[in-house]
file structure.cif (mmCIF, C-alpha atoms)
data_input
#
loop_
_atom_site.group_PDB
_atom_site.id
_atom_site.type_symbol
_atom_site.label_atom_id
_atom_site.label_comp_id
_atom_site.auth_asym_id
_atom_site.auth_seq_id
_atom_site.Cartn_x
_atom_site.Cartn_y
_atom_site.Cartn_z
ATOM 1 C CA GLN A 820 0.000 0.000 0.000
ATOM 2 C CA GLY A 821 1.986 2.940 -1.319
ATOM 3 C CA SER A 822 5.166 3.299 0.716
ATOM 4 C CA VAL A 823 4.174 0.622 3.257
ATOM 5 C CA MET A 824 4.122 -3.165 2.955
ATOM 6 C CA ASP A 825 1.966 -5.223 5.355
ATOM 7 C CA VAL A 826 3.480 -8.549 6.433
ATOM 8 C CA LEU A 827 1.745 -11.131 8.620
ATOM 9 C CA LEU A 828 3.848 -13.755 10.428
ATOM 10 C CA VAL A 829 1.837 -16.522 12.126
ATOM 11 C CA VAL A 830 3.692 -18.595 14.720
ATOM 12 C CA ARG A 831 2.295 -22.003 15.681
ATOM 13 C CA GLY A 832 2.215 -23.288 19.233
ATOM 14 C CA THR A 833 3.567 -26.449 20.817
ATOM 15 C CA LYS A 834 3.594 -29.365 18.384
ATOM 16 C CA GLU A 835 6.862 -31.322 18.578
ATOM 17 C CA LEU A 836 9.246 -32.637 21.236
ATOM 18 C CA GLY A 837 11.550 -29.674 20.731
ATOM 19 C CA ASP A 838 8.637 -27.349 21.431
ATOM 20 C CA LEU A 839 7.970 -29.132 24.716
ATOM 21 C CA LEU A 840 11.598 -28.631 25.683
ATOM 22 C CA SER A 841 11.269 -24.914 24.913
ATOM 23 C CA ASP A 842 8.106 -24.761 27.050
ATOM 24 C CA GLY A 843 9.760 -26.678 29.874
ATOM 25 C CA ILE A 844 12.774 -24.418 30.368
ATOM 26 C CA LEU A 845 11.081 -22.337 33.045
ATOM 27 C CA GLU A 846 14.260 -20.708 34.323
ATOM 28 C CA PRO A 847 14.187 -16.907 33.905
ATOM 29 C CA SER A 848 17.189 -15.519 32.025
ATOM 30 C CA ASN A 849 18.502 -11.985 31.651
ATOM 31 C CA PHE A 850 16.867 -10.164 28.752
ATOM 32 C CA ARG A 851 16.941 -6.460 27.883
ATOM 33 C CA GLY A 852 17.513 -5.357 31.464
ATOM 34 C CA GLY A 853 14.860 -7.681 32.893
ATOM 35 C CA LYS A 854 14.029 -11.378 32.936
ATOM 36 C CA ALA A 855 12.448 -13.671 30.351
ATOM 37 C CA HIS A 856 11.506 -17.343 29.982
ATOM 38 C CA ALA A 857 14.767 -18.916 28.760
ATOM 39 C CA GLY A 858 13.298 -21.468 26.339
ATOM 40 C CA ILE A 859 10.798 -19.112 24.693
ATOM 41 C CA MET A 860 13.380 -16.336 24.505
ATOM 42 C CA ALA A 861 15.552 -18.664 22.418
ATOM 43 C CA ALA A 862 12.561 -19.513 20.193
ATOM 44 C CA GLY A 863 11.767 -15.828 19.601
ATOM 45 C CA ARG A 864 15.353 -15.001 18.730
ATOM 46 C CA TYR A 865 15.373 -17.937 16.313
ATOM 47 C CA LEU A 866 12.375 -16.423 14.504
ATOM 48 C CA VAL A 867 14.284 -13.180 14.013
ATOM 49 C CA GLU A 868 17.416 -14.990 12.892
ATOM 50 C CA LYS A 869 15.423 -17.065 10.384
ATOM 51 C CA HIS A 870 13.201 -14.356 8.880
ATOM 52 C CA ASN A 871 15.025 -11.050 9.306
ATOM 53 C CA GLN A 872 16.943 -11.303 6.034
ATOM 54 C CA THR A 873 13.701 -12.053 4.185
ATOM 55 C CA LEU A 874 12.129 -8.900 5.592
ATOM 56 C CA VAL A 875 15.167 -6.825 4.663
ATOM 57 C CA HIS A 876 15.024 -8.296 1.152
ATOM 58 C CA LEU A 877 11.308 -7.519 0.848
ATOM 59 C CA LEU A 878 11.947 -3.949 1.913
ATOM 60 C CA GLU A 879 14.721 -3.481 -0.620
ATOM 61 C CA GLU A 880 13.051 -5.202 -3.566
ATOM 62 C CA SER A 881 9.606 -3.657 -3.081
ATOM 63 C CA GLY A 882 10.858 -0.099 -2.996
ATOM 64 C CA THR A 883 8.680 0.616 0.038
ATOM 65 C CA LYS A 884 9.923 2.683 2.932
ATOM 66 C CA LYS A 885 8.506 0.608 5.758
ATOM 67 C CA ILE A 886 7.161 -2.826 6.634
ATOM 68 C CA HIS A 887 4.193 -3.076 8.972
ATOM 69 C CA LEU A 888 4.909 -6.451 10.571
ATOM 70 C CA THR A 889 2.180 -8.203 12.570
ATOM 71 C CA LEU A 890 3.016 -11.365 14.479
ATOM 72 C CA VAL A 891 0.225 -13.647 15.700
ATOM 73 C CA GLY A 892 0.630 -16.795 17.791
ATOM 74 C CA HIS A 893 -0.915 -19.150 20.309
ATOM 75 C CA SER A 894 0.767 -20.617 23.389
ATOM 76 C CA LEU A 895 4.490 -21.114 22.692
ATOM 77 C CA GLY A 896 3.921 -19.324 19.377
ATOM 78 C CA ALA A 897 2.537 -16.301 21.209
ATOM 79 C CA GLY A 898 5.570 -16.147 23.459
ATOM 80 C CA ALA A 899 8.032 -16.525 20.589
ATOM 81 C CA ALA A 900 6.137 -13.854 18.639
ATOM 82 C CA ALA A 901 6.362 -11.447 21.592
ATOM 83 C CA ILE A 902 10.116 -11.927 21.981
ATOM 84 C CA ALA A 903 10.602 -11.523 18.227
ATOM 85 C CA ALA A 904 8.515 -8.337 18.273
ATOM 86 C CA MET A 905 10.775 -6.894 20.948
ATOM 87 C CA GLU A 906 13.841 -7.773 18.887
ATOM 88 C CA TRP A 907 12.381 -6.159 15.752
ATOM 89 C CA TYR A 908 10.922 -3.137 17.537
ATOM 90 C CA ASP A 909 14.023 -0.966 17.195
ATOM 91 C CA GLN A 910 14.984 -2.119 13.708
ATOM 92 C CA PRO A 911 14.810 0.667 11.078
ATOM 93 C CA GLY A 912 12.221 0.126 8.386
ATOM 94 C CA ILE A 913 10.072 -2.229 10.453
ATOM 95 C CA GLN A 914 7.032 -1.213 12.491
ATOM 96 C CA VAL A 915 5.987 -4.218 14.532
ATOM 97 C CA LYS A 916 3.115 -5.393 16.689
ATOM 98 C CA ALA A 917 2.272 -8.790 18.167
ATOM 99 C CA ILE A 918 -0.997 -10.412 19.238
ATOM 100 C CA GLY A 919 -0.782 -13.547 21.355
ATOM 101 C CA PHE A 920 -3.438 -15.965 22.590
ATOM 102 C CA GLY A 921 -2.642 -17.934 25.732
ATOM 103 C CA CYS A 922 0.899 -16.558 25.871
ATOM 104 C CA PRO A 923 2.961 -18.168 28.656
ATOM 105 C CA ALA A 924 4.185 -16.255 31.661
ATOM 106 C CA LEU A 925 7.065 -14.795 29.690
ATOM 107 C CA MET A 926 8.859 -11.789 31.133
ATOM 108 C CA SER A 927 9.392 -9.638 34.201
ATOM 109 C CA LEU A 928 6.784 -7.009 34.919
ATOM 110 C CA ASP A 929 8.992 -4.081 33.881
ATOM 111 C CA LEU A 930 9.531 -5.602 30.443
ATOM 112 C CA SER A 931 5.848 -6.466 30.141
ATOM 113 C CA HIS A 932 4.854 -2.871 30.871
ATOM 114 C CA SER A 933 7.404 -1.540 28.369
ATOM 115 C CA THR A 934 5.700 -3.456 25.521
ATOM 116 C CA GLN A 935 2.117 -2.318 26.135
ATOM 117 C CA ASP A 936 2.071 -0.144 23.008
ATOM 118 C CA TYR A 937 2.791 -2.958 20.570
ATOM 119 C CA ILE A 938 2.089 -6.340 22.207
ATOM 120 C CA THR A 939 -1.398 -7.594 23.145
ATOM 121 C CA THR A 940 -2.017 -10.793 25.089
ATOM 122 C CA VAL A 941 -5.471 -12.407 25.173
ATOM 123 C CA VAL A 942 -6.206 -14.799 28.060
ATOM 124 C CA ALA A 943 -9.248 -17.086 28.028
ATOM 125 C CA ASP A 944 -10.737 -17.317 31.516
ATOM 126 C CA ALA A 945 -8.738 -19.761 33.679
ATOM 127 C CA ASP A 946 -6.115 -20.639 31.029
ATOM 128 C CA VAL A 947 -3.270 -22.179 33.012
ATOM 129 C CA VAL A 948 -0.419 -21.278 30.640
ATOM 130 C CA PRO A 949 -0.296 -17.462 31.101
ATOM 131 C CA ARG A 950 -0.252 -18.106 34.843
ATOM 132 C CA SER A 951 2.423 -20.832 34.812
ATOM 133 C CA SER A 952 6.043 -20.281 35.726
ATOM 134 C CA GLY A 953 8.373 -22.274 37.935
ATOM 135 C CA ILE A 954 7.372 -20.125 40.906
ATOM 136 C CA THR A 955 3.594 -20.176 40.381
ATOM 137 C CA ILE A 956 3.631 -23.946 39.852
ATOM 138 C CA ALA A 957 5.612 -24.401 43.096
ATOM 139 C CA ASN A 958 3.154 -22.102 44.900
ATOM 140 C CA MET A 959 0.218 -24.103 43.505
ATOM 141 C CA ILE A 960 1.729 -27.368 44.759
ATOM 142 C CA LEU A 961 2.139 -25.849 48.219
ATOM 143 C CA ASP A 962 -1.450 -24.553 48.148
ATOM 144 C CA ILE A 963 -2.768 -28.004 47.245
ATOM 145 C CA ALA A 964 -0.562 -29.771 49.772
ATOM 146 C CA SER A 965 -1.663 -27.453 52.584
ATOM 147 C CA TYR A 966 -5.379 -27.530 51.761
ATOM 148 C CA ASP A 967 -7.305 -29.037 54.669
ATOM 149 C CA TRP A 968 -9.889 -31.230 52.951
ATOM 150 C CA THR A 969 -10.903 -33.107 56.108
ATOM 151 C CA HIS A 970 -14.088 -31.118 56.813
ATOM 152 C CA LYS A 971 -15.381 -31.874 53.318
ATOM 153 C CA GLY A 972 -14.218 -35.452 53.669
ATOM 154 C CA LEU A 973 -16.344 -35.842 56.794
ATOM 155 C CA LEU A 974 -19.372 -34.410 54.976
ATOM 156 C CA ASP A 975 -18.862 -36.884 52.120
ATOM 157 C CA LEU A 976 -18.527 -39.752 54.580
ATOM 158 C CA GLU A 977 -21.674 -38.694 56.424
ATOM 159 C CA ASN A 978 -23.671 -38.522 53.179
ATOM 160 C CA LEU A 979 -22.378 -41.940 52.163
ATOM 161 C CA LEU A 980 -23.281 -43.519 55.502
ATOM 162 C CA VAL A 981 -26.765 -41.980 55.460
ATOM 163 C CA PHE A 982 -27.294 -43.331 51.944
ATOM 164 C CA VAL A 983 -26.092 -46.806 52.939
ATOM 165 C CA ASN A 984 -28.392 -46.739 55.966
ATOM 166 C CA SER A 985 -31.331 -46.101 53.665
ATOM 167 C CA THR A 986 -30.571 -49.207 51.611
ATOM 168 C CA ILE A 987 -29.948 -51.864 54.281
ATOM 169 C CA PRO A 988 -32.266 -53.458 56.879
ATOM 170 C CA PHE A 989 -30.162 -52.425 59.891
ATOM 171 C CA ASP A 990 -28.679 -49.158 61.137
ATOM 172 C CA ILE A 991 -25.022 -48.173 60.835
ATOM 173 C CA PRO A 992 -23.784 -46.127 63.829
ATOM 174 C CA VAL A 993 -23.195 -43.009 61.737
ATOM 175 C CA GLN A 994 -22.166 -40.616 64.491
ATOM 176 C CA HIS A 995 -19.807 -43.131 66.057
ATOM 177 C CA LEU A 996 -18.064 -43.767 62.745
ATOM 178 C CA LEU A 997 -17.842 -40.044 62.039
ATOM 179 C CA LYS A 998 -16.262 -39.475 65.446
ATOM 180 C CA LYS A 999 -13.690 -42.213 64.782
ATOM 181 C CA ALA A 1000 -12.928 -40.759 61.350
ATOM 182 C CA ASN A 1001 -12.482 -37.276 62.831
ATOM 183 C CA GLU A 1002 -10.086 -38.640 65.474
ATOM 184 C CA THR A 1003 -8.051 -40.383 62.777
ATOM 185 C CA MET A 1004 -7.852 -37.162 60.775
ATOM 186 C CA ASP A 1005 -6.765 -35.290 63.901
ATOM 187 C CA ASN A 1006 -3.928 -37.740 64.425
ATOM 188 C CA ASP A 1007 -2.828 -38.500 60.860
ATOM 189 C CA ASP A 1008 -3.887 -35.739 58.462
ATOM 190 C CA ARG A 1009 -4.338 -32.324 60.077
ATOM 191 C CA PRO A 1010 -0.821 -32.213 61.618
ATOM 192 C CA TYR A 1011 0.604 -32.596 58.079
ATOM 193 C CA PHE A 1012 -1.375 -29.626 56.754
ATOM 194 C CA ARG A 1013 -0.017 -27.481 59.579
ATOM 195 C CA LYS A 1014 3.562 -28.458 58.698
ATOM 196 C CA VAL A 1015 3.372 -27.218 55.104
ATOM 197 C CA THR A 1016 4.993 -23.796 54.853
ATOM 198 C CA LYS A 1017 2.629 -20.859 54.549
ATOM 199 C CA GLU A 1018 5.230 -18.776 52.748
ATOM 200 C CA ARG A 1019 4.881 -18.331 49.001
ATOM 201 C CA MET A 1020 7.414 -17.077 46.468
ATOM 202 C CA THR A 1021 6.831 -13.888 44.501
ATOM 203 C CA PRO A 1022 6.329 -14.533 40.779
ATOM 204 C CA ILE A 1023 8.889 -13.094 38.370
ATOM 205 C CA LEU A 1024 7.358 -13.826 34.956
ATOM 206 C CA PHE A 1025 4.085 -12.462 33.554
ATOM 207 C CA PRO A 1026 2.338 -12.315 30.178
ATOM 208 C CA PRO A 1027 3.610 -9.461 27.979
ATOM 209 C CA GLY A 1028 2.108 -6.160 26.889
ATOM 210 C CA SER A 1029 -1.533 -5.176 27.289
ATOM 211 C CA CYS A 1030 -3.597 -8.088 28.593
ATOM 212 C CA ILE A 1031 -7.223 -8.728 27.621
ATOM 213 C CA HIS A 1032 -9.094 -11.214 29.812
ATOM 214 C CA LEU A 1033 -12.067 -13.092 28.340
ATOM 215 C CA PHE A 1034 -13.838 -14.640 31.319
ATOM 216 C CA ARG A 1035 -17.095 -16.416 32.095
ATOM 217 C CA ASP A 1036 -19.508 -14.023 33.772
ATOM 218 C CA GLY A 1037 -22.169 -16.551 34.780
ATOM 219 C CA PHE A 1038 -24.136 -16.128 31.564
ATOM 220 C CA SER A 1039 -21.644 -15.848 28.738
ATOM 221 C CA TYR A 1040 -18.199 -14.202 28.380
ATOM 222 C CA THR A 1041 -16.995 -10.707 29.205
ATOM 223 C CA GLY A 1042 -13.819 -9.148 27.817
ATOM 224 C CA THR A 1043 -11.842 -6.452 29.574
ATOM 225 C CA TYR A 1044 -8.336 -5.024 29.728
ATOM 226 C CA THR A 1045 -6.679 -6.444 32.836
ATOM 227 C CA PRO A 1046 -3.266 -5.681 34.377
ATOM 228 C CA CYS A 1047 -0.927 -8.507 33.402
ATOM 229 C CA GLU A 1048 0.128 -8.904 37.041
ATOM 230 C CA PHE A 1049 -3.392 -10.230 37.689
ATOM 231 C CA PHE A 1050 -2.196 -13.550 36.253
ATOM 232 C CA ASN A 1051 0.179 -14.205 39.150
ATOM 233 C CA GLU A 1052 -1.165 -17.555 40.335
ATOM 234 C CA VAL A 1053 -2.601 -20.726 38.861
ATOM 235 C CA GLU A 1054 -6.372 -21.024 39.176
ATOM 236 C CA VAL A 1055 -7.139 -24.655 39.988
ATOM 237 C CA THR A 1056 -10.412 -25.152 38.107
ATOM 238 C CA ARG A 1057 -11.976 -27.826 35.912
ATOM 239 C CA THR A 1058 -11.327 -25.740 32.790
ATOM 240 C CA LEU A 1059 -7.720 -24.664 33.311
ATOM 241 C CA ILE A 1060 -6.536 -26.925 30.432
ATOM 242 C CA ASP A 1061 -9.580 -26.590 28.139
ATOM 243 C CA ASP A 1062 -9.373 -22.803 28.370
ATOM 244 C CA HIS A 1063 -5.890 -22.926 26.853
ATOM 245 C CA LEU A 1064 -6.931 -24.970 23.811
ATOM 246 C CA ILE A 1065 -8.403 -23.475 20.634
ATOM 247 C CA PRO A 1066 -11.848 -25.158 20.140
ATOM 248 C CA PRO A 1067 -12.970 -25.403 23.806
ATOM 249 C CA GLY A 1068 -11.099 -22.296 24.935
ATOM 250 C CA TYR A 1069 -10.362 -19.351 22.674
ATOM 251 C CA HIS A 1070 -12.790 -20.184 19.867
ATOM 252 C CA ARG A 1071 -15.598 -20.727 22.384
ATOM 253 C CA ALA A 1072 -14.808 -17.484 24.225
ATOM 254 C CA PHE A 1073 -14.727 -15.367 21.073
ATOM 255 C CA LEU A 1074 -17.846 -17.025 19.672
ATOM 256 C CA HIS A 1075 -19.912 -16.308 22.795
ATOM 257 C CA TRP A 1076 -18.492 -12.795 23.061
ATOM 258 C CA MET A 1077 -19.422 -12.025 19.441
ATOM 259 C CA ARG A 1078 -22.941 -13.435 19.867
ATOM 260 C CA ASP A 1079 -23.469 -11.151 22.849
ATOM 261 C CA ARG A 1080 -21.980 -8.142 21.105
ATOM 262 C CA LEU A 1081 -24.102 -8.634 17.976
ATOM 263 C CA ASP A 1082 -27.158 -9.753 19.983
ATOM 264 C CA ASP A 1083 -27.394 -12.734 17.646
ATOM 265 C CA LEU A 1084 -27.396 -16.189 19.223
ATOM 266 C CA ASN A 1085 -27.104 -17.768 15.755
ATOM 267 C CA PHE A 1086 -23.897 -15.975 14.806
ATOM 268 C CA ASP A 1087 -21.028 -18.228 13.763
ATOM 269 C CA PHE A 1088 -17.622 -17.637 12.232
ATOM 270 C CA SER A 1089 -17.380 -18.304 8.510
ATOM 271 C CA HIS A 1090 -14.589 -20.859 8.946
ATOM 272 C CA ASP A 1091 -14.830 -24.378 10.344
ATOM 273 C CA ILE A 1092 -12.442 -24.329 13.285
ATOM 274 C CA MET A 1093 -12.096 -28.121 13.291
ATOM 275 C CA ALA A 1094 -11.130 -28.139 9.590
ATOM 276 C CA LEU A 1095 -8.244 -25.684 9.901
ATOM 277 C CA PRO A 1096 -4.774 -27.199 9.363
ATOM 278 C CA VAL A 1097 -2.469 -27.360 12.383
#
call {"tool": "encode", "arguments": {"input": "structure.cif", "output": "structure tokens"}}
result
Amino acid sequence: QGSVMDVLLVVRGTKELGDLLSDGILEPSNFRGGKAHAGIMAAGRYLVEKHNQTLVHLLEESGTKKIHLTLVGHSLGAGAAAIAAMEWYDQPGIQVKAIGFGCPALMSLDLSHSTQDYITTVVADADVVPRSSGITIANMILDIASYDWTHKGLLDLENLLVFVNSTIPFDIPVQHLLKKANETMDNDDRPYFRKVTKERMTPILFPPGSCIHLFRDGFSYTGTYTPCEFFNEVEVTRTLIDDHLIPPGYHRAFLHWMRDRLDDLNFDFSHDIMALPV
């Protein structure tokens, strides 16, 4: 378009063993005066190394003065796209922006804030990946290990015993058994919960840029700009994995959001999400 060329670079998410290794390197490394996810930082720099010469060639051969480069990715692809955008941001002749869906906890908060003008991260409800770093996973394990489930366990046991009593010709001593169970929990279980440390580590890595949270509001989905530091702990819910995936997570969230916005419950996207190549 005149003196500007638009280029779209789409970065896929985790697919191969090497991608899993990139995801799994949770150690923060030094990056541009802050910290970044070591494995994804390497992936983003690889994108620049692989495609930078092509962009320079396009700029020279087209006779245009500037390339408007848009990077789009999901999961690992979103993180790699964000790192690549930061690397390209200061390069003459390239104006860059990145849009990521389900981007991992990627960089320190100072770096995240510095990219708000050109990186956007979309998070679907309880998506575990934007909230997952070595520290938040360790904190989640401690939260689970210290959770005192015994009161709910006693309620479950009481309901079970009452149900059994209703199906047999004699009575089970419900209160006696509940008392014995409570004593056992006092001796064997509750002391363990008290031993688990109450201290939690402070997260270092957060999603990058300006964060948009699409969340269930009890009826459908609501979307709002949310500080990226909001995603500082793992939400242990039934949908924490599904919300990260495309069909049950991001596609569902956008579909419901669009139906609400257009006030059309029959609205659907023109593409078949299940037929798209991966």
call {"tool": "closest_residue", "arguments": {"input": "structure.cif", "among": "A:Ala855, A:Leu973, A:Met824, A:Ala901", "to": "Thr883 of chain A", "atoms": "all atoms listed in the file"}}
result
A:Met824
call {"tool": "residues_near_point", "arguments": {"input": "structure.cif", "point": "(-0.3, -27.2, 46.6)", "cutoff": "12 Å", "atoms": "all atoms listed in the file", "output": "count of residues only"}}
result
24
call {"tool": "closest_residue", "arguments": {"input": "structure.cif", "among": "A:Phe1025, A:Phe920, A:Phe982, A:Trp907", "to": "Asp946 of chain A", "atoms": "all atoms listed in the file"}}
result
A:Phe920
call {"tool": "residues_around", "arguments": {"input": "structure.cif", "residues": "segment 1079-1095 of chain A", "least_positions_apart": "4", "cutoff": "10 Å", "atoms": "only C-alpha atoms", "output": "ChimeraX atom specification"}}
result
/A:1039-1041,1065-1066,1070,1073-1075
call {"tool": "resolve_selection", "arguments": {"input": "structure.cif", "expression": "the PyMOL selection byres ((chain A and resi 1046) around 10)", "output": "MDAnalysis selection string"}}
result
chainID A and resid 932 1026 1028:1032 1043:1045 1047:1050
call {"tool": "residues_around", "arguments": {"input": "structure.cif", "residues": "Ile1060 of chain A", "least_positions_apart": "4", "cutoff": "10 Å", "atoms": "only C-alpha atoms", "output": "PyMOL selection string"}}
result
chain A and resi 945-948+1055-1056+1064+1067-1068
call {"tool": "atom_distance", "arguments": {"input": "structure.cif", "atom1": "atom CA of Ile902 of chain A", "atom2": "atom CA of Arg864 of chain A"}}
result
6.9 Å
call {"tool": "atom_distance", "arguments": {"input": "structure.cif", "atom1": "atom CA of Gly852 of chain A", "atom2": "atom CA of Cys922 of chain A"}}
result
20.8 Å
call {"tool": "resolve_selection", "arguments": {"input": "structure.cif", "expression": "the PyMOL selection byres ((chain A and resi 825) around 9)", "output": "MDAnalysis selection string"}}
result
chainID A and resid 820 823:824 826:827 885:889
call {"tool": "resolve_selection", "arguments": {"input": "structure.cif", "expression": "the PyMOL selection byres ((chain A and resi 904) around 9)", "output": "list in words"}}
result
Gly863, Val867, Leu888, Thr889, Leu890, Ala899, Ala900, Ala901, Ile902, Ala903, Met905, Glu906, Trp907, Tyr908, Val915, Lys916, Ala917, Tyr937 and Ile938 of chain A
call {"tool": "atom_distance", "arguments": {"input": "structure.cif", "atom1": "atom CA of His970 of chain A", "atom2": "atom CA of Val993 of chain A"}}
result
15.8 Å
call {"tool": "closest_residue", "arguments": {"input": "structure.cif", "among": "A:Ile913, A:Leu930, A:Ala924, A:Ala897", "to": "Leu866 of chain A", "atoms": "all atoms listed in the file"}}
result
A:Ala897
call {"tool": "axis_aligned_box", "arguments": {"input": "structure.cif", "around": "segment 843-860 of chain A", "padding_each_side": "8 Å", "output": "JSON"}}
result
{"center_x": 14.1, "center_y": -16.0, "center_z": 29.4, "size_x": 24.7, "size_y": 37.3, "size_z": 25.8}
call {"tool": "closest_residue", "arguments": {"input": "structure.cif", "among": "A:Asn849, A:Ser952, A:Thr833, A:Asn978", "to": "Ala862 of chain A", "atoms": "only C-alpha atoms"}}
result
A:Thr833
call {"tool": "closest_residue", "arguments": {"input": "structure.cif", "among": "A:Asp936, A:Ile987, A:Gly1042, A:Leu828", "to": "Thr873 of chain A", "atoms": "all atoms listed in the file"}}
result
A:Leu828
call {"tool": "closest_residue", "arguments": {"input": "structure.cif", "among": "A:Thr969, A:Pro949, A:Ser881, A:Lys869", "to": "Asp1005 of chain A", "atoms": "all atoms listed in the file"}}
result
A:Thr969
